[in-house]
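Colleague: Here you go, this is start.csv (CSV, C-alpha atoms).
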chain,number,residue,atom,x,y,z
A,287,MET,CA,-21.8,10.3,-4.3
A,288,GLY,CA,-24.3,9.9,-1.5
A,289,THR,CA,-23.5,11.9,1.7
A,290,PRO,CA,-21.3,15.0,1.1
A,291,TYR,CA,-17.7,14.0,1.7
A,292,ALA,CA,-17.0,16.7,4.3
A,293,GLU,CA,-19.9,15.2,6.3
A,294,GLN,CA,-18.5,11.7,5.9
A,295,VAL,CA,-15.1,12.8,7.2
A,296,HIS,CA,-16.7,14.4,10.2
A,297,ASP,CA,-18.7,11.3,10.9
A,298,VAL,CA,-15.8,8.9,10.8
A,299,ALA,CA,-13.7,11.1,13.0
A,300,ALA,CA,-16.5,11.2,15.6
A,301,MET,CA,-17.0,7.5,15.3
A,302,ALA,CA,-13.4,6.8,16.0
A,303,SER,CA,-13.3,9.2,18.9
A,304,GLN,CA,-16.4,7.6,20.5
A,305,ALA,CA,-15.1,4.0,20.0
A,306,LEU,CA,-11.7,4.9,21.6
A,307,PRO,CA,-12.5,6.8,24.8
A,308,SER,CA,-9.0,6.2,26.2
A,309,VAL,CA,-7.5,8.3,23.4
A,310,PRO,CA,-7.1,11.9,24.7
A,311,PRO,CA,-9.0,14.3,22.4
A,312,GLU,CA,-6.0,16.6,21.9
A,313,VAL,CA,-3.9,13.9,20.3
A,314,TRP,CA,-6.1,13.3,17.3
A,315,GLU,CA,-4.7,14.6,14.0
A,316,PRO,CA,-6.9,15.7,11.1
A,317,VAL,CA,-8.4,12.8,9.1
A,318,ALA,CA,-6.3,11.6,6.2
A,319,THR,CA,-8.4,11.7,3.1
A,320,GLY,CA,-8.2,11.1,-0.7
A,321,PRO,CA,-10.7,11.1,-3.6
A,322,GLU,CA,-14.3,10.3,-2.6
A,323,SER,CA,-14.8,8.2,-5.7
A,324,GLY,CA,-12.5,6.3,-8.1
A,325,PHE,CA,-10.2,5.3,-5.2
A,326,ARG,CA,-10.3,1.5,-5.0
A,327,ASN,CA,-7.2,0.0,-6.6
A,328,LYS,CA,-8.6,-3.5,-6.6
A,329,ALA,CA,-11.8,-4.9,-8.1
A,330,LYS,CA,-13.0,-8.3,-6.7
A,331,MET,CA,-15.6,-9.3,-9.2
A,332,VAL,CA,-17.9,-12.3,-9.0
A,333,VAL,CA,-18.4,-13.8,-12.5
A,334,ALA,CA,-21.9,-15.1,-13.5
A,335,GLY,CA,-24.1,-15.2,-16.5
A,336,THR,CA,-22.9,-17.0,-19.6
A,337,VAL,CA,-19.8,-17.3,-21.7
A,338,GLU,CA,-21.4,-15.0,-24.3
A,339,GLN,CA,-22.8,-12.5,-21.8
A,340,PRO,CA,-20.9,-12.7,-18.5
A,341,THR,CA,-21.7,-10.4,-15.6
A,342,LEU,CA,-18.8,-9.0,-13.4
A,343,GLY,CA,-19.9,-7.8,-10.0
A,344,ILE,CA,-21.9,-9.5,-7.3
A,345,LEU,CA,-24.7,-12.0,-6.9
A,346,ASP,CA,-28.3,-11.3,-5.9
A,347,PRO,CA,-30.0,-13.5,-3.2
A,348,ALA,CA,-31.0,-16.0,-5.9
A,349,GLY,CA,-27.4,-16.4,-7.1
A,350,ARG,CA,-27.9,-14.4,-10.3
A,351,GLY,CA,-25.2,-12.0,-11.4
A,352,ILE,CA,-25.5,-8.2,-11.0
A,353,ASP,CA,-23.0,-6.4,-13.3
A,354,LEU,CA,-21.0,-3.7,-11.6
A,355,ARG,CA,-18.3,-2.9,-14.2
A,356,ASP,CA,-19.0,0.8,-14.0
A,357,CYS,CA,-18.8,1.0,-10.2
A,358,GLY,CA,-17.9,4.6,-9.1
A,359,LEU,CA,-15.6,3.4,-6.3
A,360,HIS,CA,-13.1,1.7,-8.7
A,361,ASP,CA,-10.1,3.5,-10.1
A,362,PRO,CA,-11.1,4.6,-13.6
A,363,ARG,CA,-8.4,2.4,-15.1
A,364,LEU,CA,-10.1,-0.6,-13.5
A,365,VAL,CA,-13.4,0.5,-15.0
A,366,GLN,CA,-11.8,0.6,-18.4
A,367,ALA,CA,-10.2,-2.8,-18.0
A,368,LEU,CA,-13.3,-4.7,-16.9
A,369,PRO,CA,-15.2,-4.7,-20.2
A,370,VAL,CA,-12.0,-6.0,-21.9
A,371,LEU,CA,-11.8,-8.9,-19.3
A,372,ALA,CA,-15.5,-9.6,-19.9
A,373,ASP,CA,-14.8,-10.0,-23.6
A,374,HIS,CA,-11.9,-12.3,-22.8
A,375,VAL,CA,-14.2,-14.6,-20.9
A,376,GLY,CA,-15.9,-15.4,-24.2
A,377,LEU,CA,-12.6,-15.5,-26.2
A,378,ALA,CA,-11.0,-18.0,-23.8
A,379,GLY,CA,-14.2,-20.0,-23.3
A,380,LEU,CA,-14.4,-19.5,-19.6
A,381,VAL,CA,-17.7,-20.8,-18.3
A,382,PRO,CA,-19.0,-18.7,-15.4
A,383,TYR,CA,-19.7,-20.7,-12.3
A,384,ASP,CA,-23.4,-21.1,-11.7
A,385,VAL,CA,-23.7,-21.1,-7.9
A,386,PRO,CA,-27.3,-22.5,-7.6
A,387,ALA,CA,-26.5,-25.3,-10.1
A,388,ARG,CA,-22.9,-25.8,-8.8
A,389,ARG,CA,-21.5,-26.0,-12.3
A,390,GLY,CA,-19.1,-24.0,-14.4
A,391,GLU,CA,-15.4,-23.0,-14.1
A,392,LEU,CA,-14.8,-19.2,-13.6
A,393,LYS,CA,-15.7,-17.9,-10.2
A,394,HIS,CA,-14.0,-14.5,-9.9
A,395,VAL,CA,-11.8,-12.1,-11.7
A,396,LEU,CA,-9.5,-10.0,-9.4
A,397,VAL,CA,-7.9,-7.0,-10.9
A,398,THR,CA,-5.4,-4.6,-9.2
A,399,VAL,CA,-4.0,-1.4,-10.6
A,400,ALA,CA,-0.7,0.2,-9.6
A,401,PRO,CA,-0.3,4.0,-9.3
A,402,ASP,CA,1.5,4.0,-12.6
A,403,GLY,CA,-1.4,2.1,-14.3
A,404,GLY,CA,0.2,-1.3,-14.3
A,405,LEU,CA,-2.4,-4.1,-14.0
A,406,MET,CA,-2.5,-7.5,-12.3
A,407,VAL,CA,-5.3,-9.9,-13.4
A,408,ARG,CA,-6.1,-13.1,-11.5
A,409,TRP,CA,-8.7,-15.6,-12.8
A,410,VAL,CA,-10.2,-17.7,-10.0
A,411,LEU,CA,-11.2,-21.1,-11.4
A,412,ARG,CA,-12.6,-24.3,-10.1
A,413,SER,CA,-9.9,-26.4,-11.8
A,414,THR,CA,-6.9,-26.3,-14.1
A,415,GLU,CA,-9.1,-27.2,-17.1
A,416,ALA,CA,-9.0,-23.7,-18.7
A,417,LEU,CA,-5.2,-23.1,-18.1
A,418,LEU,CA,-4.2,-24.0,-21.7
A,419,ARG,CA,-6.8,-21.7,-23.2
A,420,LEU,CA,-5.8,-18.8,-20.9
A,421,ARG,CA,-2.2,-19.3,-21.9
A,422,LYS,CA,-3.1,-19.6,-25.6
A,423,HIS,CA,-5.1,-16.3,-25.6
A,424,LEU,CA,-2.7,-14.4,-23.3
A,425,PRO,CA,-1.2,-12.5,-26.3
A,426,ALA,CA,-4.7,-11.3,-27.2
A,427,LEU,CA,-5.3,-10.1,-23.7
A,428,ARG,CA,-1.9,-8.3,-23.7
A,429,ALA,CA,-2.9,-6.5,-26.9
A,430,ALA,CA,-6.2,-5.4,-25.5
A,431,LEU,CA,-4.7,-4.4,-22.1
A,432,PRO,CA,-1.2,-2.9,-22.9
A,433,ASP,CA,-0.7,-2.1,-19.2
A,434,LEU,CA,-1.0,-5.8,-18.1
A,435,VAL,CA,2.0,-6.7,-16.1
A,436,VAL,CA,1.0,-9.9,-14.2
A,437,ALA,CA,-1.7,-12.5,-15.0
A,438,SER,CA,-2.3,-15.7,-13.1
A,439,ALA,CA,-5.0,-18.3,-12.5
A,440,ASN,CA,-6.0,-19.3,-9.0
A,441,ILE,CA,-7.6,-22.6,-8.3
A,442,GLN,CA,-10.5,-22.7,-5.8
A,443,PRO,CA,-12.5,-25.9,-6.2
A,444,ALA,CA,-14.7,-25.6,-3.1
A,445,HIS,CA,-18.4,-24.7,-3.3
A,446,ALA,CA,-18.0,-22.0,-0.6
A,447,ALA,CA,-17.9,-18.3,-0.1
A,448,VAL,CA,-14.1,-18.3,-0.3
A,449,LEU,CA,-12.5,-15.8,-2.6
A,450,GLU,CA,-9.4,-17.8,-3.6
A,451,GLY,CA,-7.5,-21.0,-3.1
A,452,PRO,CA,-3.9,-21.9,-2.2
A,453,GLU,CA,-2.9,-23.0,-5.7
A,454,GLU,CA,-1.7,-20.3,-8.1
A,455,HIS,CA,-0.5,-20.6,-11.7
A,456,LEU,CA,1.5,-17.7,-13.2
A,457,LEU,CA,0.5,-17.0,-16.8
A,458,THR,CA,3.0,-14.2,-17.5
A,459,ASP,CA,6.8,-14.3,-17.2
A,460,HIS,CA,6.7,-11.5,-14.8
A,461,GLY,CA,5.1,-12.2,-11.4
A,462,THR,CA,5.4,-9.0,-9.5
A,463,LEU,CA,3.5,-5.7,-9.8
A,464,GLY,CA,5.5,-2.7,-8.7
A,465,ILE,CA,3.7,-0.2,-6.5
A,466,ALA,CA,5.3,3.3,-5.9
A,467,LEU,CA,3.5,5.4,-3.3
A,468,PRO,CA,4.5,9.1,-3.0
A,469,THR,CA,5.8,10.0,0.5
A,470,SER,CA,7.8,12.8,1.9
A,471,HIS,CA,11.0,10.6,1.7
A,472,GLY,CA,10.4,9.9,-2.0
A,473,PRO,CA,8.5,7.0,-3.6
A,474,LEU,CA,7.9,4.1,-1.3
A,475,ARG,CA,8.4,1.1,-3.6
A,476,LEU,CA,6.4,-2.1,-2.8
A,477,ALA,CA,6.3,-5.3,-4.6
A,478,LEU,CA,2.9,-7.1,-5.0
A,479,ARG,CA,2.6,-10.7,-6.0
A,480,PRO,CA,-0.6,-12.7,-6.6
A,481,GLY,CA,-2.4,-13.2,-3.4
A,482,GLY,CA,-0.5,-10.5,-1.6
A,483,PHE,CA,-2.2,-7.9,0.6
A,484,LEU,CA,-2.2,-4.3,-0.5
A,485,GLN,CA,-4.0,-1.4,1.1
A,486,THR,CA,-7.1,-0.7,-1.0
A,487,ASN,CA,-6.5,3.1,-1.5
A,488,HIS,CA,-3.2,4.2,-2.8
A,489,HIS,CA,-3.9,7.9,-2.0
A,490,VAL,CA,-4.5,7.2,1.7
A,491,ALA,CA,-2.0,4.4,2.1
A,492,ALA,CA,0.8,6.7,1.2
A,493,GLN,CA,-0.3,9.0,4.0
A,494,LEU,CA,-0.6,6.0,6.4
A,495,TYR,CA,3.0,5.0,5.9
A,496,ASP,CA,4.2,8.6,5.9
A,497,THR,CA,2.5,9.4,9.1
A,498,ALA,CA,4.0,6.3,10.9
A,499,ALA,CA,7.5,7.4,9.8
A,500,ARG,CA,6.9,10.9,10.9
A,501,TRP,CA,5.6,9.9,14.3
A,502,MET,CA,8.7,7.8,14.9
A,503,GLN,CA,10.9,10.6,13.9
A,504,GLU,CA,9.1,13.3,15.9
A,505,SER,CA,8.6,11.3,19.1
A,506,GLY,CA,9.9,13.3,22.0
A,507,ARG,CA,11.4,10.3,23.7
A,508,SER,CA,13.4,9.0,20.7
A,509,GLY,CA,16.7,10.0,22.3
A,510,ARG,CA,16.1,7.5,25.1
A,511,LEU,CA,14.7,4.7,23.0
A,512,ARG,CA,16.4,1.3,22.6
A,513,ARG,CA,17.7,0.7,19.1
A,514,GLY,CA,15.7,-1.4,16.6
A,515,THR,CA,12.3,-1.5,15.1
A,516,TRP,CA,10.1,-4.6,14.5
A,517,ASP,CA,7.2,-4.5,12.0
A,518,LEU,CA,5.0,-7.4,13.1
A,519,TYR,CA,2.3,-8.7,10.7
A,520,CYS,CA,4.3,-6.7,8.1
A,521,GLY,CA,2.6,-8.1,4.9
A,522,VAL,CA,4.6,-6.8,1.9
A,523,GLY,CA,6.6,-4.6,4.2
A,524,GLY,CA,5.0,-1.2,3.9
A,525,PHE,CA,5.7,0.1,7.4
A,526,ALA,CA,9.2,-1.5,7.6
A,527,LEU,CA,10.3,-0.1,4.3
A,528,ALA,CA,8.9,3.4,5.1
A,529,THR,CA,10.6,3.3,8.5
A,530,ALA,CA,13.9,2.4,6.9
A,531,ALA,CA,13.6,5.0,4.2
A,532,ALA,CA,12.9,7.7,6.9
A,533,GLY,CA,16.0,6.7,8.8
A,534,ALA,CA,14.2,5.6,12.0
A,535,LEU,CA,15.9,3.5,14.6
A,536,ALA,CA,17.8,0.6,12.9
A,537,PRO,CA,18.0,-2.3,12.6
A,538,VAL,CA,14.5,-2.8,11.0
A,539,VAL,CA,13.0,-6.2,11.0
A,540,GLY,CA,9.7,-7.3,9.4
A,541,VAL,CA,7.9,-10.4,10.4
A,542,GLU,CA,5.1,-12.1,8.4
A,543,SER,CA,3.5,-15.5,8.3
A,544,SER,CA,2.9,-15.4,4.5
A,545,GLY,CA,6.0,-16.6,2.7
A,546,GLU,CA,4.8,-15.1,-0.6
A,547,ALA,CA,4.5,-11.7,1.1
A,548,VAL,CA,8.0,-12.0,2.7
A,549,ASP,CA,9.5,-12.8,-0.7
A,550,ALA,CA,7.8,-9.7,-2.2
A,551,ALA,CA,9.0,-7.5,0.8
A,552,ARG,CA,12.6,-8.7,0.3
A,553,GLU,CA,12.3,-7.9,-3.4
A,554,ALA,CA,11.1,-4.4,-2.7
A,555,ALA,CA,13.9,-3.8,-0.1
A,556,ALA,CA,16.6,-5.0,-2.5
A,557,GLY,CA,15.2,-2.9,-5.3
A,558,GLY,CA,15.1,0.2,-3.1
A,559,GLY,CA,18.5,-0.4,-1.6
A,560,LEU,CA,17.0,-0.5,1.9
A,561,ASP,CA,18.5,-2.4,4.8
A,562,VAL,CA,15.5,-4.3,6.2
A,563,GLU,CA,15.5,-7.9,7.3
A,564,PHE,CA,12.2,-9.8,6.5
A,565,LEU,CA,11.5,-13.0,8.3
A,566,HIS,CA,8.9,-15.7,7.5
A,567,ALA,CA,7.4,-16.4,11.0
A,568,ASP,CA,4.4,-16.0,13.2
A,569,ALA,CA,4.6,-12.6,14.7
A,570,GLY,CA,3.6,-13.6,18.2
A,571,ALA,CA,5.9,-16.7,18.3
A,572,TYR,CA,8.8,-14.6,17.1
A,573,ALA,CA,8.3,-12.0,19.8
A,574,ALA,CA,7.8,-14.6,22.5
A,575,SER,CA,11.0,-16.4,21.5
A,576,ALA,CA,13.3,-13.3,21.6
A,577,ALA,CA,15.6,-12.8,24.5
A,578,PRO,CA,14.8,-9.7,26.6
A,579,GLU,CA,18.1,-8.0,25.6
A,580,ASP,CA,17.1,-8.4,21.9
A,581,HIS,CA,13.8,-6.5,22.3
A,582,PRO,CA,13.6,-3.4,20.1
A,583,GLY,CA,12.7,0.1,21.2
A,584,THR,CA,9.8,0.3,18.7
A,585,VAL,CA,7.2,-2.2,17.5
A,586,VAL,CA,4.8,-1.6,14.6
A,587,VAL,CA,1.7,-3.8,14.3
A,588,ASN,CA,-0.8,-4.0,11.5
A,589,PRO,CA,-2.8,-7.0,12.5
A,590,PRO,CA,-5.9,-8.7,11.0
A,591,ARG,CA,-9.3,-7.5,12.1
A,592,ARG,CA,-9.1,-9.6,15.3
A,593,GLY,CA,-6.3,-7.4,16.6
A,594,ILE,CA,-3.2,-8.5,18.5
A,595,GLY,CA,-4.9,-10.0,21.6
A,596,GLU,CA,-2.5,-11.8,23.8
A,597,LEU,CA,0.5,-10.1,22.2
A,598,THR,CA,-0.5,-7.2,24.5
A,599,THR,CA,0.8,-9.4,27.4
A,600,TRP,CA,4.1,-9.8,25.8
A,601,LEU,CA,4.3,-6.1,25.1
A,602,THR,CA,3.6,-5.2,28.7
A,603,GLY,CA,6.5,-7.4,29.9
A,604,SER,CA,8.9,-6.6,27.1
A,605,GLY,CA,11.6,-3.9,26.7
A,606,VAL,CA,9.5,-2.2,24.0
A,607,GLN,CA,9.0,1.5,24.7
A,608,ARG,CA,7.0,2.7,21.7
A,609,LEU,CA,4.2,1.0,19.8
A,610,VAL,CA,2.7,2.1,16.5
A,611,TYR,CA,-0.6,0.3,16.0
A,612,SER,CA,-2.5,0.4,12.7
A,613,SER,CA,-5.9,-1.1,12.8
A,614,CYS,CA,-8.8,-1.8,10.3
A,615,HIS,CA,-11.3,-2.5,13.1
A,616,LEU,CA,-12.1,0.0,15.9
A,617,GLY,CA,-13.6,-2.7,18.1
A,618,SER,CA,-10.5,-4.8,18.3
A,619,LEU,CA,-8.3,-1.8,18.6
A,620,GLY,CA,-10.3,-0.5,21.5
A,621,ALA,CA,-10.1,-3.9,23.2
A,622,ASP,CA,-6.3,-4.1,22.7
A,623,LEU,CA,-5.8,-0.6,24.1
A,624,ASP,CA,-7.7,-1.6,27.3
A,625,ARG,CA,-5.2,-4.5,27.6
A,626,LEU,CA,-2.3,-2.0,27.6
A,627,PRO,CA,-2.9,0.0,30.8
A,628,GLY,CA,0.8,0.9,31.2
A,629,TRP,CA,0.8,2.7,27.9
A,630,THR,CA,-0.3,6.2,26.9
A,631,VAL,CA,-1.7,7.1,23.4
A,632,THR,CA,0.3,10.2,22.3
A,633,ARG,CA,-0.8,10.4,18.7
A,634,ALA,CA,-3.9,9.2,16.8
A,635,ARG,CA,-5.2,9.6,13.3
A,636,VAL,CA,-8.1,8.2,11.2
A,637,PHE,CA,-7.3,7.3,7.6
A,638,ASP,CA,-10.4,7.3,5.4
A,639,MET,CA,-9.4,4.3,3.3
A,640,PHE,CA,-13.0,3.5,2.3
A,641,PRO,CA,-15.1,6.6,1.5
A,642,GLN,CA,-18.8,6.0,1.2
A,643,THR,CA,-18.6,3.4,4.0
A,644,ALA,CA,-18.3,3.3,7.8
A,645,HIS,CA,-15.0,1.3,7.6
A,646,VAL,CA,-11.8,3.2,8.4
A,647,GLU,CA,-8.1,2.6,9.2
A,648,THR,CA,-7.1,4.1,12.5
A,649,MET,CA,-3.5,4.4,13.7
A,650,VAL,CA,-2.3,5.3,17.2
A,651,LEU,CA,1.2,5.9,18.7
A,652,LEU,CA,1.6,4.5,22.3
A,653,GLU,CA,4.4,5.2,24.6
A,654,ARG,CA,5.1,3.7,28.0
A,655,SER,CA,3.7,5.6,30.9
A,656,ASP,CA,5.0,3.1,33.6
A,657,GLY,CA,8.7,3.4,33.1
A,658,PRO,CA,11.0,3.3,30.0
A,659,ASP,CA,12.1,-0.3,30.2
A,660,ARG,CA,10.4,-3.3,31.8
A,661,SER,CA,12.5,-6.0,30.3
A,662,GLY,CA,14.2,-8.5,32.5
A,663,PRO,CA,14.8,-12.2,33.2
A,664,GLY,CA,11.7,-14.3,32.8
A,665,ARG,CA,9.7,-11.6,31.1
A,666,ARG,CA,9.3,-13.5,27.8
A,667,GLU,CA,7.6,-16.4,29.7
A,668,ALA,CA,4.6,-14.0,30.4
A,669,TYR,CA,3.5,-14.4,26.7
A,670,ALA,CA,2.5,-17.7,25.2
A,671,MET,CA,0.7,-18.5,21.9
Kindly return the structure encoded in the file as C-alpha cells.

Modeller:
Amino acid sequence: MGTPYAEQVHDVAAMASQALPSVPPEVWEPVATGPESGFRNKAKMVVAGTVEQPTLGILDPAGRGIDLRDCGLHDPRLVQALPVLADHVGLAGLVPYDVPARRGELKHVLVTVAPDGGLMVRWVLRSTEALLRLRKHLPALRAALPDLVVASANIQPAHAAVLEGPEEHLLTDHGTLGIALPTSHGPLRLALRPGGFLQTNHHVAAQLYDTAARWMQESGRSGRLRRGTWDLYCGVGGFALATAAAGALAPVVGVESSGEAVDAAREAAAGGGLDVEFLHADAGAYAASAAPEDHPGTVVVNPPRRGIGELTTWLTGSGVQRLVYSSCHLGSLGADLDRLPGWTVTRARVFDMFPQTAHVETMVLLERSDGPDRSGPGRREAYAM
C-alpha cells in the first residue's frame, strides 16, 4: 500500500528524532511495527445515502457519502462486518442523517473488533426514536454477526462534527468487550465499554505496554527508587495493569477522569487477579493534592494530544524519580520535555500505531538528573490546576 513499509518506518523514526532533539540518539530503540494493512481495530463510519442504499465511510465536501466498507486499513473482520451492518440499516429502518438537509436519524456506526474476533457495535443516532426497532431486530443482527458481544445506541442530537454524545443505551445484556493483548508476561486483559478509549492497533499496543513494563524492570536505578507507581490519564488501565502483571514497584494506582473507563479498568483488574487501585479523578488535581511523603517513585502518563502541560511543574517539585511518558503528538511531547530540564531521557521508542500516515505514538523514559528526591514541605503548592 503506497510507500514501501520499510521506507515508512525509516521516515517516522527520522521524524521523531528531529522533533525531539533533546533525546540522545543512542537511547532510541528500534521502531515497534505491525502489519502495514488490516491493522485498525475500530471503524468509525459516517452513514449517508438512503435506508435502501446506505453508504458507510466519509462525506465529500458537498455532504454526500463516500462508501469505504472495503478500506484496506481496517482489520479484515471489520471489513466482513460492515456489509452486514449496512443491510441492518434497511432492516431496522434507520434513516441516514442528511447533513446538508439536517434531517434523518443515523449519523455513524462505530465498530470495534477484539483480538479474538469479538465485536462491539455502536449506532450513533440523533434521538431515541429508533431504539425500539434496534431492540426488535437485535436477534437478526446476532444471527448475521455471531461474534457480536456488545451493541449499543449513542444519542448525539447536535448538528455538529461531534462523533458521539453523552447518552448511551445498551442493547445487549453484556456491556463489556474483552481485549487480550499478547505480552511477555502473558495476555494483558483489558475491558472495553462503549465510549471507552482503546489503542487503534492491537499488534503495536501490545508492544507499547510490554516496552513500558520492560523499561521499568530494567531501569538501572530501580534499587534506589521509592515504592509505588501512578498511571495518570490511565484510560482503561493498560499501563497500570501491565505494570502490575510485570511485578513493577507496588502499589500501583491508576487515575482517570472518565468514570466509565475506571469501571472497565477495575473490571479488568478483578478478572486478571491484579492488585491495582483505580480512582475516578482528574490526574493533575490528584497529583497536586498528594502529600510529598505519598509521592510514588514512578509515574506513567499517557495524556491527550495537548500533553501534560503544567503537570511538569508538579513533577519537578515532587518526589517522583522516574517518568514513563507515552504520547500521540510529537509537538506536545517535545514542549513538555523542554519543561523538564532536571530530567534525562534514558530510553525512547517510536510505535508505528498508524501505518500509511505520519501519526505515531512515541514513548520515552525519563530519570532525574538533578538528584534522586526533590520532595519536601511546600513542594505540592508549586503546582496548581

Colleague: Quick one, how far is CA of Leu463 (chain A) from CA of Val436 (chain A)?

Modeller: 6.6 Å

Colleague: How close does region 432-546 of chain A get to region 561-580 of chain A? List, as a tab-separated table, each residue of region 432-546 of chain A within 6 Å, its nearest atom pair and the distance in Å to one decimal, counting only C-alpha atoms.

Modeller:
residue	atom	partner	partner_atom	distance
A:Leu518	CA	A:Ala569	CA	5.5
A:Val538	CA	A:Val562	CA	5.1
A:Val539	CA	A:Glu563	CA	4.8
A:Gly540	CA	A:Phe564	CA	4.6
A:Val541	CA	A:Leu565	CA	4.9
A:Glu542	CA	A:His566	CA	5.3
A:Ser543	CA	A:Ala567	CA	4.8
A:Gly545	CA	A:His566	CA	5.7

Colleague: Looking at A:Val548, A:Ala429, A:Ala556, A:Ala329, which one is nearest to Tyr519 (chain A), with distances taken over only C-alpha atoms?

Modeller: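 Nearest to Tyr519 (chain A): A:Val548.
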
Colleague: Would you please work out which residue, of A:Ala466, A:Met639, A:Leu364, A:Val332, is nearest to Gly351 (chain A) when using all atoms listed in the file?

Modeller: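 Closest residue, counting all atoms listed in the file: A:Val332.
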
Colleague: What's the 12 Å shell around Gln503 (chain A), counting all atoms listed in the file, without same-chain residues fewer than 6 positions away, as an MDAnalysis selection string?

Modeller: chainID A and resid 496:497 509 511 528:535 584 608 651

Colleague: To one decimal in Å, tell me the separation between CA of Ala299 (chain A) and CA of Arg654 (chain A).

Modeller: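 We find that CA of Ala299 (chain A) and CA of Arg654 (chain A) lie 25.2 Å from each other.
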
Colleague: Restricting the calculation to all atoms listed in the file: of A:Gly335, A:Gly379, A:Gly451, A:Pro589, which residue gets closest to Ser413 (chain A)?

Modeller: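 Ranking A:Gly335, A:Gly379, A:Gly451, A:Pro589 by distance to Ser413 (chain A), first place goes to A:Gly451.
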
Colleague: Skipping near chain neighbours, those fewer than 4 positions away, what residues fall within 12 Å of Pro401 (chain A) using all atoms listed in the file, listed as a list in words?

Modeller: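 Close residues of Pro401 (chain A): Phe325, Arg326, Asn327, Lys328, Asp361, Pro362, Arg363, Leu364, Leu405, Asp433, Leu463, Gly464, Ile465, Ala466, Leu467, Pro468, Pro473, Leu474, Arg475, Leu476, Thr486, Asn487, His488, His489, Ala491 and Ala492 of chain A.
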
Colleague: Quick one, how far is CA of Cys357 (chain A) from CA of Pro480 (chain A)?

Modeller: 23.1 Å

Colleague: Any idea what's packed within 12 Å of Thr414 (chain A), counting all atoms listed in the file, ignoring anything in its chain fewer than 2 positions away? Could you give it as a PyMOL selection string?

Modeller: chain A and resi 380+391-392+409-412+416-421+438-443+453-455

Colleague: Out of A:Pro316, A:Pro382, A:Pro311, A:Gly481, which residue has the shortest atom-to-atom distance to Val397 (chain A) when counting only C-alpha atoms?

Modeller: A:Gly481

Colleague: Which polymer residues have any atom within 8 Å of an atom of His581 (chain A), counting only C-alpha atoms, with same-chain residues fewer than 6 positions away left out, as a PyMOL selection string?

Modeller: chain A and resi 514+604-606

Colleague: With all atoms of region 295-311 of chain A from the file as input, state the centre and edge lengths in Å to one decimal of the axis-aligned box that has 4 Å extra on each side, as lines of an AutoDock Vina configuration file.

Modeller:
center_x = -12.9
center_y = 9.2
center_z = 16.7
size_x = 19.6
size_y = 18.4
size_z = 27.0

Colleague: List the neighbours of Leu306 (chain A) out to 9 Å using only C-alpha atoms; skip same-chain residues closer than 4 positions along the sequence, and give me the result as an MDAnalysis selection string.

Modeller: chainID A and resid 301:302 310 616:617 619:620 623

Colleague: Between A:His423, A:His460, A:His445, A:His615, which has the minimum distance to Pro590 (chain A) (counting all atoms listed in the file)?

Modeller: A:His615

Colleague: Would you please work out which residue, of A:Ala334, A:Ala499, A:Ile344, A:Val295, is nearest to Pro321 (chain A) when using all atoms listed in the file?

Modeller: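 Result for the nearest residue to Pro321 (chain A): A:Val295.
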
Colleague: Provide region 300-309 of chain A rebuilt to N, CA, C and O atoms, formatted as a PDB file, in the frame of the given file.

Modeller:
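The resulting file, selection04.pdb, is shown below:
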ATOM      1  N   ALA A 300     -15.738  11.341  14.364  1.00  0.00           N
ATOM      2  CA  ALA A 300     -16.500  11.200  15.600  1.00  0.00           C
ATOM      3  C   ALA A 300     -16.692   9.769  16.001  1.00  0.00           C
ATOM      4  O   ALA A 300     -16.625   9.432  17.190  1.00  0.00           O
ATOM      5  N   MET A 301     -16.891   8.899  15.023  1.00  0.00           N
ATOM      6  CA  MET A 301     -17.000   7.500  15.300  1.00  0.00           C
ATOM      7  C   MET A 301     -15.795   6.905  15.961  1.00  0.00           C
ATOM      8  O   MET A 301     -15.870   6.158  16.951  1.00  0.00           O
ATOM      9  N   ALA A 302     -14.612   7.266  15.442  1.00  0.00           N
ATOM     10  CA  ALA A 302     -13.400   6.800  16.000  1.00  0.00           C
ATOM     11  C   ALA A 302     -13.158   7.303  17.426  1.00  0.00           C
ATOM     12  O   ALA A 302     -12.752   6.568  18.330  1.00  0.00           O
ATOM     13  N   SER A 303     -13.446   8.572  17.630  1.00  0.00           N
ATOM     14  CA  SER A 303     -13.300   9.200  18.900  1.00  0.00           C
ATOM     15  C   SER A 303     -14.178   8.502  19.985  1.00  0.00           C
ATOM     16  O   SER A 303     -13.770   8.228  21.115  1.00  0.00           O
ATOM     17  N   GLN A 304     -15.415   8.214  19.589  1.00  0.00           N
ATOM     18  CA  GLN A 304     -16.400   7.600  20.500  1.00  0.00           C
ATOM     19  C   GLN A 304     -15.968   6.123  20.791  1.00  0.00           C
ATOM     20  O   GLN A 304     -16.152   5.621  21.897  1.00  0.00           O
ATOM     21  N   ALA A 305     -15.418   5.442  19.784  1.00  0.00           N
ATOM     22  CA  ALA A 305     -15.100   4.000  20.000  1.00  0.00           C
ATOM     23  C   ALA A 305     -13.782   3.863  20.776  1.00  0.00           C
ATOM     24  O   ALA A 305     -13.543   2.779  21.313  1.00  0.00           O
ATOM     25  N   LEU A 306     -12.974   4.927  20.883  1.00  0.00           N
ATOM     26  CA  LEU A 306     -11.700   4.900  21.600  1.00  0.00           C
ATOM     27  C   LEU A 306     -11.643   5.923  22.675  1.00  0.00           C
ATOM     28  O   LEU A 306     -10.882   6.896  22.593  1.00  0.00           O
ATOM     29  N   PRO A 307     -12.446   5.779  23.727  1.00  0.00           N
ATOM     30  CA  PRO A 307     -12.500   6.800  24.800  1.00  0.00           C
ATOM     31  C   PRO A 307     -11.207   7.011  25.520  1.00  0.00           C
ATOM     32  O   PRO A 307     -11.005   8.057  26.150  1.00  0.00           O
ATOM     33  N   SER A 308     -10.298   6.026  25.476  1.00  0.00           N
ATOM     34  CA  SER A 308      -9.000   6.200  26.200  1.00  0.00           C
ATOM     35  C   SER A 308      -8.039   7.065  25.463  1.00  0.00           C
ATOM     36  O   SER A 308      -6.994   7.416  26.016  1.00  0.00           O
ATOM     37  N   VAL A 309      -8.362   7.438  24.209  1.00  0.00           N
ATOM     38  CA  VAL A 309      -7.500   8.300  23.400  1.00  0.00           C
ATOM     39  C   VAL A 309      -7.779   9.759  23.791  1.00  0.00           C
ATOM     40  O   VAL A 309      -8.909  10.218  23.578  1.00  0.00           O
TER      41      VAL A 309
END
